[in-house]
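Raw contents of final.tsv, TSV, C-alpha atoms:
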chain	number	residue	atom	x	y	z
A	1	MET	CA	-22.74	78.19	23.36
A	2	THR	CA	-24.36	74.85	22.66
A	3	ILE	CA	-25.21	72.63	25.60
A	4	ALA	CA	-24.22	68.94	25.56
A	5	ASP	CA	-27.43	66.99	25.89
A	6	GLY	CA	-26.62	63.83	23.93
A	7	GLY	CA	-29.74	63.98	21.77
A	8	GLU	CA	-30.85	61.36	19.29
A	9	LEU	CA	-28.64	60.30	16.42
A	10	PRO	CA	-29.13	62.84	13.63
A	11	ALA	CA	-30.27	61.56	10.26
A	12	ARG	CA	-27.27	63.11	8.50
A	13	LEU	CA	-23.97	62.92	10.33
A	14	GLU	CA	-21.82	65.71	8.90
A	15	GLY	CA	-18.09	65.27	8.84
A	16	ARG	CA	-18.11	61.46	8.85
A	17	TYR	CA	-15.55	61.02	6.09
A	18	SER	CA	-13.43	63.93	7.32
A	19	ALA	CA	-13.37	62.29	10.75
A	20	MET	CA	-12.33	58.96	9.22
A	21	ALA	CA	-9.50	60.70	7.34
A	22	VAL	CA	-8.31	62.44	10.53
A	23	CYS	CA	-8.54	59.16	12.49
A	24	TRP	CA	-6.37	57.54	9.80
A	25	MET	CA	-3.80	60.32	10.11
A	26	LEU	CA	-3.85	60.18	13.92
A	27	GLY	CA	-3.29	56.42	13.71
A	28	PHE	CA	-0.44	57.03	11.28
A	29	GLY	CA	1.12	59.48	13.73
A	30	SER	CA	0.77	57.03	16.61
A	31	LEU	CA	3.34	54.65	15.15
A	32	VAL	CA	5.24	56.47	12.41
A	33	SER	CA	8.15	57.33	14.73
A	34	TRP	CA	8.50	53.80	16.04
A	35	ASN	CA	8.07	52.25	12.60
A	36	SER	CA	10.76	54.58	11.30
A	37	MET	CA	13.06	53.25	14.01
A	38	LEU	CA	12.30	49.67	12.96
A	39	THR	CA	12.64	50.42	9.27
A	40	ILE	CA	16.06	52.08	9.63
A	41	GLY	CA	17.18	49.07	11.65
A	42	ASP	CA	19.88	48.36	9.06
A	43	TYR	CA	21.45	51.75	9.91
A	44	TYR	CA	21.51	50.94	13.63
A	45	TYR	CA	22.88	47.43	12.95
A	46	ASN	CA	25.68	49.15	11.03
A	47	LEU	CA	26.41	51.49	13.98
A	48	PHE	CA	25.87	48.97	16.79
A	49	PRO	CA	26.54	45.48	15.33
A	50	ASN	CA	27.05	43.82	18.73
A	51	TYR	CA	24.07	45.27	20.61
A	52	HIS	CA	21.11	43.58	18.82
A	53	PRO	CA	19.47	47.00	18.27
A	54	SER	CA	16.18	45.70	16.84
A	55	ARG	CA	15.60	43.42	19.82
A	56	VAL	CA	17.03	45.70	22.52
A	57	LEU	CA	15.22	48.87	21.42
A	58	THR	CA	11.92	46.98	21.21
A	59	LEU	CA	12.52	45.55	24.68
A	60	VAL	CA	13.29	49.05	26.04
A	61	TYR	CA	10.20	50.57	24.39
A	62	GLN	CA	7.62	48.07	25.63
A	63	PRO	CA	8.01	48.14	29.45
A	64	PHE	CA	7.60	51.92	29.47
A	65	ALA	CA	4.54	51.65	27.21
A	66	LEU	CA	3.03	48.85	29.33
A	67	VAL	CA	3.57	50.45	32.76
A	68	THR	CA	2.38	53.87	31.59
A	69	MET	CA	-0.67	52.29	29.95
A	70	ALA	CA	-1.51	50.35	33.14
A	71	ILE	CA	-1.48	53.57	35.18
A	72	LEU	CA	-3.56	55.44	32.59
A	73	ALA	CA	-6.06	52.59	32.20
A	74	TYR	CA	-6.56	52.39	35.97
A	75	ASN	CA	-7.28	56.12	36.17
A	76	GLU	CA	-8.92	56.59	32.74
A	77	SER	CA	-12.24	57.96	34.07
A	78	LYS	CA	-10.42	60.86	35.80
A	79	ILE	CA	-8.02	61.73	32.97
A	80	ASP	CA	-8.61	64.56	30.50
A	81	THR	CA	-8.42	62.75	27.15
A	82	ARG	CA	-7.60	65.97	25.27
A	83	ARG	CA	-4.56	66.71	27.42
A	84	ARG	CA	-3.50	63.06	27.33
A	85	ASN	CA	-3.49	62.81	23.53
A	86	ILE	CA	-1.86	66.20	22.96
A	87	ILE	CA	0.91	65.29	25.44
A	88	GLY	CA	1.39	61.97	23.63
A	89	TYR	CA	1.71	63.41	20.13
A	90	SER	CA	3.90	66.29	21.38
A	91	LEU	CA	6.22	63.81	23.13
A	92	PHE	CA	6.44	61.74	19.94
A	93	SER	CA	7.35	64.86	17.94
A	94	ALA	CA	9.99	66.07	20.43
A	95	SER	CA	11.53	62.60	20.90
A	96	THR	CA	11.84	61.96	17.16
A	97	PHE	CA	13.53	65.33	16.73
A	98	MET	CA	15.92	64.42	19.58
A	99	LEU	CA	17.07	61.35	17.62
A	100	ILE	CA	18.18	63.67	14.82
A	101	VAL	CA	19.95	65.96	17.33
A	102	LEU	CA	21.64	62.97	18.98
A	103	ASP	CA	22.89	61.63	15.67
A	104	LEU	CA	24.21	65.04	14.60
A	105	ALA	CA	25.86	65.61	18.01
A	106	THR	CA	27.68	62.27	17.84
A	107	ALA	CA	28.43	62.60	14.10
A	108	GLY	CA	26.75	59.24	13.49
A	109	SER	CA	29.30	57.31	15.55
A	110	GLY	CA	28.69	54.00	17.31
A	111	GLY	CA	29.61	53.00	20.85
A	112	ILE	CA	27.78	52.48	24.10
A	113	GLY	CA	27.16	56.19	24.83
A	114	PRO	CA	25.10	57.01	21.73
A	115	PHE	CA	23.29	53.66	22.06
A	116	ILE	CA	22.21	54.47	25.63
A	117	GLY	CA	21.05	57.89	24.41
A	118	ILE	CA	18.91	56.22	21.73
A	119	CYS	CA	17.50	53.84	24.39
A	120	VAL	CA	16.43	56.83	26.53
A	121	VAL	CA	14.62	58.41	23.57
A	122	VAL	CA	12.98	55.08	22.73
A	123	ALA	CA	11.73	54.84	26.34
A	124	SER	CA	9.97	58.20	25.83
A	125	PHE	CA	8.39	56.69	22.68
A	126	GLY	CA	6.88	54.02	24.93
A	127	VAL	CA	5.39	56.64	27.27
A	128	ALA	CA	3.99	58.59	24.31
A	129	ASP	CA	2.54	55.42	22.76
A	130	ALA	CA	0.60	54.61	25.94
A	131	HIS	CA	-0.84	58.13	26.06
A	132	VAL	CA	-1.91	58.13	22.43
A	133	GLN	CA	-3.05	54.57	21.68
A	134	GLY	CA	-5.09	54.14	24.84
A	135	GLY	CA	-6.44	57.68	24.65
A	136	MET	CA	-7.46	57.46	21.01
A	137	VAL	CA	-8.91	53.93	21.10
A	138	GLY	CA	-10.87	54.79	24.25
A	139	ASP	CA	-12.13	58.02	22.67
A	140	LEU	CA	-13.14	56.36	19.39
A	141	SER	CA	-14.76	53.35	21.09
A	142	PHE	CA	-17.93	55.36	21.79
A	143	MET	CA	-18.08	56.67	18.22
A	144	LEU	CA	-18.51	54.72	14.97
A	145	PRO	CA	-16.68	51.37	14.43
A	146	GLU	CA	-15.37	52.86	11.16
A	147	PHE	CA	-13.41	55.42	13.20
A	148	ILE	CA	-11.54	52.71	15.12
A	149	GLN	CA	-10.98	50.81	11.86
A	150	SER	CA	-9.53	53.98	10.24
A	151	PHE	CA	-7.30	54.63	13.26
A	152	LEU	CA	-6.01	51.03	13.22
A	153	ALA	CA	-5.49	51.23	9.44
A	154	GLY	CA	-3.43	54.38	10.00
A	155	LEU	CA	-1.26	52.48	12.48
A	156	ALA	CA	-0.55	49.85	9.82
A	157	ALA	CA	-0.10	52.48	7.09
A	158	SER	CA	2.76	54.03	9.05
A	159	GLY	CA	4.61	50.73	8.74
A	160	ALA	CA	3.76	50.18	5.07
A	161	LEU	CA	4.66	53.71	3.96
A	162	THR	CA	7.89	53.86	5.98
A	163	SER	CA	8.92	50.49	4.50
A	164	ALA	CA	8.22	51.71	0.96
A	165	LEU	CA	10.13	54.93	1.60
A	166	ARG	CA	13.02	52.95	3.13
A	167	LEU	CA	13.34	50.83	-0.02
A	168	ILE	CA	13.37	54.00	-2.13
A	169	THR	CA	15.98	55.76	0.05
A	170	LYS	CA	18.16	52.64	0.16
A	171	ALA	CA	18.14	52.50	-3.64
A	172	ALA	CA	18.80	56.26	-3.90
A	173	PHE	CA	21.57	56.48	-1.29
A	174	GLU	CA	23.10	52.98	-1.47
A	175	LYS	CA	26.12	54.01	-3.53
A	176	SER	CA	26.53	57.50	-2.11
A	177	ASN	CA	28.91	58.37	0.69
A	178	ASN	CA	27.28	57.82	4.11
A	179	GLY	CA	24.08	56.75	2.32
A	180	LEU	CA	22.57	54.77	5.21
A	181	ARG	CA	22.84	57.75	7.52
A	182	LYS	CA	21.31	60.16	4.99
A	183	GLY	CA	18.32	57.86	4.52
A	184	ALA	CA	17.86	57.47	8.29
A	185	MET	CA	17.94	61.22	8.89
A	186	LEU	CA	15.42	61.81	6.11
A	187	PHE	CA	13.14	59.27	7.76
A	188	LEU	CA	13.34	60.88	11.17
A	189	ALA	CA	12.74	64.36	9.75
A	190	ILE	CA	9.59	63.18	7.94
A	191	SER	CA	8.37	61.45	11.12
A	192	THR	CA	8.88	64.60	13.17
A	193	PHE	CA	6.78	66.58	10.68
A	194	PHE	CA	3.91	64.08	10.78
A	195	GLU	CA	3.92	63.95	14.59
A	196	PHE	CA	3.64	67.75	14.76
A	197	LEU	CA	0.84	67.64	12.18
A	198	CYS	CA	-1.06	65.20	14.44
A	199	VAL	CA	-0.80	67.63	17.37
A	200	LEU	CA	-2.46	70.32	15.23
A	201	LEU	CA	-5.13	67.99	13.80
A	202	TYR	CA	-6.16	66.64	17.18
A	203	ALA	CA	-6.06	69.97	19.00
A	204	PHE	CA	-7.80	72.23	16.47
A	205	PHE	CA	-9.59	70.27	13.72
A	206	PHE	CA	-10.90	66.95	15.05
A	207	PRO	CA	-12.92	68.31	18.04
A	208	LYS	CA	-14.87	70.70	15.79
A	209	LEU	CA	-16.25	68.09	13.38
A	210	PRO	CA	-20.05	67.86	13.88
A	211	ILE	CA	-20.09	64.06	14.13
A	212	VAL	CA	-17.31	64.08	16.74
A	213	LYS	CA	-19.10	66.78	18.75
A	214	TYR	CA	-22.27	64.68	18.65
A	215	PHE	CA	-20.67	61.49	19.99
A	216	ARG	CA	-18.70	63.34	22.67
A	217	SER	CA	-21.85	65.16	23.76
A	218	LYS	CA	-23.64	61.82	23.94
A	219	ALA	CA	-20.82	60.33	26.03
A	220	ALA	CA	-20.97	63.36	28.36
A	221	SER	CA	-24.72	62.84	28.80
A	222	GLU	CA	-23.98	59.25	29.84
A	223	GLY	CA	-21.59	60.37	32.56
A	224	SER	CA	-18.20	60.66	30.82
A	225	LYS	CA	-15.85	63.26	32.29
A	226	THR	CA	-12.99	62.50	29.90
A	227	VAL	CA	-14.59	64.45	27.03
A	228	ILE	CA	-15.33	67.74	28.82
A	229	ALA	CA	-12.13	69.53	27.69
A	230	ASP	CA	-12.62	68.39	24.08
A	231	LEU	CA	-16.22	69.62	24.13
A	232	ALA	CA	-15.07	72.97	25.53
A	233	ALA	CA	-12.52	73.23	22.69
A	234	ALA	CA	-15.43	72.75	20.27
A	235	GLY	CA	-17.48	75.48	21.98
A	236	ILE	CA	-19.75	73.12	23.93
A	237	GLU	CA	-20.27	73.48	27.66
A	238	THR	CA	-22.03	71.25	30.18
A	239	LYS	CA	-24.28	72.83	32.77
A	240	GLN	CA	-23.52	72.50	36.45
A	241	ASP	CA	-26.67	70.49	37.16
A	242	GLN	CA	-25.89	68.23	34.22
A	243	GLN	CA	-22.41	67.61	35.65
A	244	GLN	CA	-23.97	66.53	38.95
A	245	GLU	CA	-26.29	64.19	37.06
A	246	ASP	CA	-23.30	62.88	35.09
A	247	ASN	CA	-21.46	62.13	38.34
A	248	ALA	CA	-24.40	59.98	39.43
A	249	LYS	CA	-24.38	58.19	36.06
A	250	GLN	CA	-20.62	57.68	36.32
A	251	ASN	CA	-21.17	55.82	39.59
A	252	GLU	CA	-23.72	53.56	37.85
A	253	ARG	CA	-21.32	52.38	35.15
A	254	LEU	CA	-19.62	48.98	35.25
A	255	SER	CA	-16.25	48.95	36.99
A	256	ASN	CA	-13.04	48.20	35.10
A	257	LYS	CA	-12.93	44.79	36.78
A	258	GLN	CA	-16.48	43.95	35.63
A	259	LEU	CA	-15.71	45.12	32.09
A	260	PHE	CA	-12.53	43.05	32.02
A	261	ILE	CA	-14.31	39.89	33.23
A	262	GLN	CA	-17.13	40.32	30.69
A	263	ASN	CA	-14.60	40.79	27.87
A	264	ILE	CA	-11.77	38.53	29.04
A	265	ASP	CA	-11.89	36.55	25.78
A	266	TYR	CA	-11.39	39.74	23.72
A	267	ALA	CA	-8.54	40.77	26.04
A	268	LEU	CA	-6.92	37.35	25.64
A	269	ASP	CA	-7.46	37.54	21.86
A	270	LEU	CA	-5.41	40.74	21.59
A	271	PHE	CA	-2.75	39.46	23.98
A	272	LEU	CA	-2.26	36.28	21.93
A	273	ILE	CA	-2.31	38.08	18.57
A	274	TYR	CA	0.61	40.26	19.59
A	275	VAL	CA	2.53	37.64	21.57
A	276	LEU	CA	2.87	35.67	18.37
A	277	THR	CA	3.48	38.62	16.03
A	278	LEU	CA	6.18	40.26	18.16
A	279	SER	CA	7.95	36.98	18.88
A	280	ILE	CA	8.74	36.95	15.14
A	281	PHE	CA	8.59	40.59	14.02
A	282	PRO	CA	11.02	42.37	13.76
A	283	GLY	CA	13.92	40.65	15.61
A	284	PHE	CA	13.63	37.20	13.99
A	285	LEU	CA	13.33	38.77	10.54
A	286	TYR	CA	16.54	40.79	10.99
A	287	GLU	CA	18.72	38.17	12.67
A	288	ASN	CA	17.42	34.63	12.04
A	289	THR	CA	16.51	34.40	8.37
A	290	GLY	CA	19.99	33.73	7.01
A	291	GLU	CA	21.73	34.95	3.86
A	292	HIS	CA	19.86	34.96	0.55
A	293	LYS	CA	20.10	36.37	-2.98
A	294	LEU	CA	18.55	39.66	-1.87
A	295	GLY	CA	21.50	40.31	0.46
A	296	SER	CA	21.11	43.44	2.61
A	297	TRP	CA	17.72	44.04	0.96
A	298	TYR	CA	16.28	40.82	2.39
A	299	PRO	CA	15.22	42.01	5.90
A	300	LEU	CA	13.85	45.25	4.40
A	301	VAL	CA	11.74	43.27	1.92
A	302	LEU	CA	10.44	41.03	4.73
A	303	ILE	CA	9.52	44.03	6.92
A	304	ALA	CA	7.83	45.69	3.92
A	305	ALA	CA	5.87	42.50	3.09
A	306	TYR	CA	4.58	42.28	6.66
A	307	ASN	CA	3.60	45.95	6.79
A	308	VAL	CA	1.83	46.02	3.43
A	309	TRP	CA	-0.30	42.95	4.19
A	310	ASP	CA	-1.01	44.20	7.71
A	311	LEU	CA	-2.38	47.40	6.14
A	312	ILE	CA	-4.48	45.60	3.50
A	313	ALA	CA	-5.91	43.26	6.13
A	314	ARG	CA	-7.20	46.15	8.26
A	315	TYR	CA	-9.62	47.08	5.47
A	316	LEU	CA	-10.93	43.53	4.92
A	317	PRO	CA	-13.43	43.67	7.86
A	318	LEU	CA	-15.23	46.48	6.00
A	319	LEU	CA	-16.50	43.65	3.79
A	320	LYS	CA	-19.16	42.06	6.01
A	321	PHE	CA	-18.65	38.52	4.76
A	322	LEU	CA	-14.96	38.70	5.77
A	323	LYS	CA	-15.55	40.13	9.25
A	324	ILE	CA	-15.32	37.58	12.07
A	325	GLU	CA	-17.87	38.51	14.76
A	326	SER	CA	-18.21	35.18	16.56
A	327	ARG	CA	-16.25	35.25	19.82
A	328	LYS	CA	-15.52	31.53	19.50
A	329	GLY	CA	-14.51	31.94	15.85
A	330	LEU	CA	-12.05	34.70	16.77
A	331	MET	CA	-10.42	32.57	19.46
A	332	ILE	CA	-10.04	29.56	17.11
A	333	ALA	CA	-8.51	31.75	14.38
A	334	ILE	CA	-6.08	33.37	16.84
A	335	LEU	CA	-4.95	30.08	18.43
A	336	SER	CA	-4.39	28.54	14.99
A	337	ARG	CA	-1.84	31.28	14.21
A	338	PHE	CA	0.59	29.62	16.64
A	339	LEU	CA	1.23	27.01	13.94
A	340	LEU	CA	3.30	29.79	12.34
A	341	ILE	CA	6.07	29.28	14.92
A	342	PRO	CA	7.23	25.86	13.61
A	343	ALA	CA	6.53	27.09	10.07
A	344	PHE	CA	8.95	30.02	10.51
A	345	TYR	CA	11.55	27.82	12.21
A	346	PHE	CA	11.69	25.22	9.43
A	347	THR	CA	11.42	27.82	6.65
A	348	ALA	CA	14.37	29.77	8.06
A	349	LYS	CA	16.36	26.54	8.34
A	350	TYR	CA	15.49	24.81	5.07
A	351	GLY	CA	13.30	27.10	2.93
A	352	ASP	CA	14.01	29.62	0.21
A	353	GLN	CA	13.40	33.37	0.48
A	354	GLY	CA	10.13	33.11	-1.48
A	355	TRP	CA	8.56	30.88	1.18
A	356	MET	CA	9.72	33.23	3.94
A	357	ILE	CA	8.17	36.24	2.18
A	358	LEU	CA	4.92	34.28	1.85
A	359	LEU	CA	4.90	33.38	5.55
A	360	VAL	CA	5.67	36.96	6.63
A	361	SER	CA	2.85	38.23	4.40
A	362	PHE	CA	0.43	35.78	6.06
A	363	LEU	CA	1.64	36.91	9.50
A	364	GLY	CA	0.81	40.53	8.60
A	365	LEU	CA	-2.51	39.59	6.99
A	366	THR	CA	-3.80	37.72	10.05
A	367	ASN	CA	-2.43	40.30	12.49
A	368	GLY	CA	-4.26	43.23	10.86
A	369	HIS	CA	-7.52	41.43	10.14
A	370	LEU	CA	-7.95	39.90	13.60
A	371	THR	CA	-6.97	43.11	15.41
A	372	VAL	CA	-9.71	45.12	13.67
A	373	CYS	CA	-12.30	42.36	14.19
A	374	VAL	CA	-11.66	42.30	17.96
A	375	MET	CA	-11.38	46.07	18.46
A	376	THR	CA	-14.60	46.89	16.59
A	377	ALA	CA	-16.67	44.08	18.14
A	378	ALA	CA	-15.77	44.49	21.82
A	379	PRO	CA	-17.26	47.96	22.63
A	380	LYS	CA	-20.74	47.19	21.29
A	381	GLY	CA	-23.62	47.37	23.78
A	382	TYR	CA	-21.97	49.56	26.42
A	383	LYS	CA	-22.43	53.20	27.48
A	384	GLY	CA	-19.89	55.84	26.47
A	385	PRO	CA	-17.82	55.83	29.71
A	386	GLU	CA	-17.73	52.03	29.69
A	387	GLN	CA	-16.65	51.93	26.05
A	388	ASN	CA	-13.84	54.36	26.82
A	389	ALA	CA	-12.70	52.24	29.76
A	390	LEU	CA	-12.92	49.04	27.71
A	391	GLY	CA	-10.89	50.59	24.89
A	392	ASN	CA	-8.13	51.42	27.39
A	393	LEU	CA	-8.21	47.90	28.87
A	394	LEU	CA	-7.95	46.31	25.42
A	395	VAL	CA	-4.94	48.46	24.52
A	396	LEU	CA	-3.34	47.48	27.84
A	397	CYS	CA	-3.76	43.78	26.92
A	398	LEU	CA	-2.43	44.47	23.43
A	399	LEU	CA	0.69	46.13	24.87
A	400	GLY	CA	1.04	43.26	27.35
A	401	GLY	CA	1.06	40.86	24.41
A	402	ILE	CA	3.68	42.95	22.62
A	403	PHE	CA	5.92	42.99	25.72
A	404	ALA	CA	5.60	39.22	26.16
A	405	GLY	CA	6.28	38.73	22.45
A	406	VAL	CA	9.46	40.81	22.34
A	407	SER	CA	10.71	39.00	25.45
A	408	LEU	CA	10.04	35.57	23.92
A	409	ASP	CA	11.71	36.76	20.68
A	410	TRP	CA	15.09	36.32	22.40
A	411	LEU	CA	14.52	32.55	22.54
A	412	TRP	CA	15.27	32.40	18.80
A	413	LEU	CA	18.92	33.23	19.69
A	414	ILE	CA	19.38	30.03	21.74
A	415	GLY	CA	21.91	27.82	20.01
A	416	LYS	CA	22.99	30.57	17.61
A	417	LYS	CA	26.73	31.23	17.45
A	418	ASN	CA	27.90	34.61	18.83
A	419	ALA	CA	24.31	35.39	19.81
A	420	PHE	CA	25.07	37.24	23.04
Please express what this file holds, its structure, as structure tokens.
Amino acid sequence: MTIADGGELPARLEGRYSAMAVCWMLGFGSLVSWNSMLTIGDYYYNLFPNYHPSRVLTLVYQPFALVTMAILAYNESKIDTRRRNIIGYSLFSASTFMLIVLDLATAGSGGIGPFIGICVVVASFGVADAHVQGGMVGDLSFMLPEFIQSFLAGLAASGALTSALRLITKAAFEKSNNGLRKGAMLFLAISTFFEFLCVLLYAFFFPKLPIVKYFRSKAASEGSKTVIADLAAAGIETKQDQQQEDNAKQNERLSNKQLFIQNIDYALDLFLIYVLTLSIFPGFLYENTGEHKLGSWYPLVLIAAYNVWDLIARYLPLLKFLKIESRKGLMIAILSRFLLIPAFYFTAKYGDQGWMILLVSFLGLTNGHLTVCVMTAAPKGYKGPEQNALGNLLVLCLLGGIFAGVSLDWLWLIGKKNAF
């Protein structure tokens, strides 16, 4: 067996593009189940018209994701990343399948019982999300920036592709008997397949790519314990004396508190990006945009516009002249996004659907672009174990922003008739 020694960067890194493709697919699998839930929101509004499903399910999802992520981030240096990610993707796969079972068992009926059942499954989505997002971002933080970019693009792609598929299924099933339900079940079945595919990709293919083995070996040589199981899966072992040396190096690394203080602006950046985005998307788009010519298609078109531009934006930082690397520049750009709040309010009240689609597109564009800029810039200059820890801390702040955003989203209902 090969011994992990973290040698110098090889001139030719084999498997780079394969790794980027797998990272994209793993990112896709990290959110495809949840995005499917959001995209079939019209089905759940049909079943549970009085329960605000888009807002309630998001509010159920986020506390479980945030608390689980906080626990995992605190203990990240002791956690086996391989087990963590496999558990996360397996839980996503099983939970998505349970939504199909629940719908079949209740024959697609509404009521409080089935809604509580859906809430329980959505809570397990939150736990799975914390396992996967923190685990993957931490793992990829000590590899190439392109890997994080591909993973984040995959996250956005899950939204864009589910939105496109939802528009197709709505058109195909709109006039058929029970069409909404058929489209929703098709969505959940496809999501279950992709989640299971991610389990296989992460467990058997990704660890064996030469470039991935190299970076994990390098991280192990710098004191990382989180990669040992993944290296073993790739046929790489660490010697006993090397493990003792790694323990000493682990003690030399910056603490989570020191990393957080040094990168507090990046942490605040991510928090603010997602506070704003989730205070508008998806609840406001489903419930506060009024009636327009597009009718029942309108919220679906808005969700699709957001997702498509969010995906496109996550590739823009690959063009160097579009990448924002200045810490001050990032903060100014992120704070300026808050001007979108009055813009959405007045557009919903007085504007036409074209202006709303434009605003939603800009929301997605800035969300994707700024997320990639922050996530790829922050880990630079640290050792492998520190980069892994920082990746987990940044995801924790991101999820904190999402939770704050979905909580603030309820403020849009103030003054609305029959809101509660």
>> Please list, as a ChimeraX atom specification, the residues that have an atom at most 8 Å away from (1.4, 32.8, 13.2) in the coordinates of this file, counting all atoms listed in the file.
In response: /A:276-277,336-341,362-363,366
All residues 12 Å or closer to Asn75 of chain A, only C-alpha atoms, same chain fewer than 3 positions away omitted, as a compact mmCIF listing (two decimals) with C-alpha atoms, keeping the file's coordinate frame:
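Below is the file that was written, out_39.txt:
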# COMPACT_ATOMS: atom_id res chain seq x y z
CA THR A 68 2.38 53.87 31.59
CA MET A 69 -0.67 52.29 29.95
CA ALA A 70 -1.51 50.35 33.14
CA ILE A 71 -1.48 53.57 35.18
CA LEU A 72 -3.56 55.44 32.59
CA LYS A 78 -10.42 60.86 35.80
CA ILE A 79 -8.02 61.73 32.97
CA ASP A 80 -8.61 64.56 30.50
CA THR A 81 -8.42 62.75 27.15
CA ARG A 84 -3.50 63.06 27.33
CA GLY A 134 -5.09 54.14 24.84
CA GLY A 135 -6.44 57.68 24.65
CA LYS A 225 -15.85 63.26 32.29
CA THR A 226 -12.99 62.50 29.90
CA SER A 255 -16.25 48.95 36.99
CA ASN A 256 -13.04 48.20 35.10
CA ASN A 388 -13.84 54.36 26.82
CA ALA A 389 -12.70 52.24 29.76
CA ASN A 392 -8.13 51.42 27.39
CA LEU A 393 -8.21 47.90 28.87
> Hey, what's within 8 Å of Trp309 of chain A if we count all atoms listed in the file and toss same-chain stuff fewer than 3 positions away? As a count of residues only, please?
Replying inline: 9
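A straight line drawn from atom CA of Leu59 of chain A to atom CA of Leu408 of chain A is 10.3 Å long.
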> What lies within 12 Å of Ser54 of chain A using all atoms listed in the file, ignoring chain neighbours under 3 positions off, as a PyMOL selection string?
Replying inline: chain A and resi 34-46+48-51+57-61+115+118-119+122+278+280-287+299+406+409-410
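Note that atom CA of Lys349 of chain A and atom CA of Leu270 of chain A are 29.2 Å apart.
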Residues of segment 175-279 of chain A within 9 Å of segment 147-168 of chain A: nearest atom pair and distance (Å, one decimal) for each, counting only C-alpha atoms, sorted by chain and number, as a Markdown table?
| residue | atom | partner | partner_atom | distance |
| --- | --- | --- | --- | --- |
| A:Gly183 | CA | A:Arg166 | CA | 7.4 |
| A:Ala184 | CA | A:Arg166 | CA | 8.4 |
| A:Phe187 | CA | A:Thr162 | CA | 7.7 |
